[in-house]
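Input: a single structure, listed below in structure tokens.
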Amino acid sequence: MSAPTTYKRTTYKQPVSRLWFTKKRTYFLFVLRELSSIFVGWFSVFLMIMLYAIGRGEAAYQNFLNWAASPVVVVVNVVALAFLILHTVTWFALTPQAMDVRIGGRQVPRVKMVNVAGRTVPAATVVRVGGRRIPPGMVIASQYAGLIVVSAFIIWLVLR
Amino acid sequence: MTKRRLEPLLWLAFSGGGVVSAVFLPVLVLLFGLAIPLGWVRPDYNYLHAIFSFWLTRLVMLGLIVLMLFHWAHRFRYTLHDGLQLRRLEAPLAVLCYGGAVVGSLAALLIVLTI
């Protein structure tokens, strides 16, 4: 009697280096874009510290300002600003691919299905108000218009 | 099963966080992260307190911070998972990221309620 044979999976899995993203410029840019989330997280914490200080009174707010003006925090916020601009630009550029905005007669938002690696998956949120598709350039431009309006409003609100 | 039911919700929070971050953060970082601390502009404390204690501002700040936290959690999770090939640490990474976002959201709620 021989011992029961154990079968191993024989599909070949190509080993991927941990530093795969340094191999190509587009890979590297992709990873930079993904790393922007760290600064989204950082700034959510920064905003919480600021709101906490504002809630504790003028002295606490002054302490917050002194901390926020320290070289390390300023450098982190400069880097954060660069990454968040990268996030804004790449996010706006991707929206027309994730959302198919249409204007015209039909009013049913539906999900377009596409074939990815043999599986049928929802490709994009199709916002349909009829037949004609809004060109991607216009979707992108309208987002920048929204960005400008929101930014102008916040600056006006805080500095008036 | 839970994972399957949660994934679309997490993606929705990631996506919503991506939108609000793209629209709000450049100006907020410029203003509150650099211009005000460095003294380029000096809004009065009482005026800032009045803005941020207004109920609508509190609500907007809470929503913004919660979405930002879940955007971070979802994207950072996959950055570590795929970027550093940490497939074996899938469960602890998910707990760490989404758990962090939940704790942060509760902290934000407390802070916003006590301004």
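Quick note on naming: the chains in the structure tokens go A, B, ... in the order shown, residues restart at 1 in each chain, and ligands are numbered from 1 in order of appearance.
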Identify all chain A residues at most 7 Å from chain B by counting only C-alpha atoms; ligands do not count. Present them as a VMD selection string.
chain A and resid 18 34 37 to 38 40 to 41 44 48 51 to 52 54 to 55 58 65 68 to 69 74 77 81 84 to 85 87 to 88 91 147 151 158 to 159
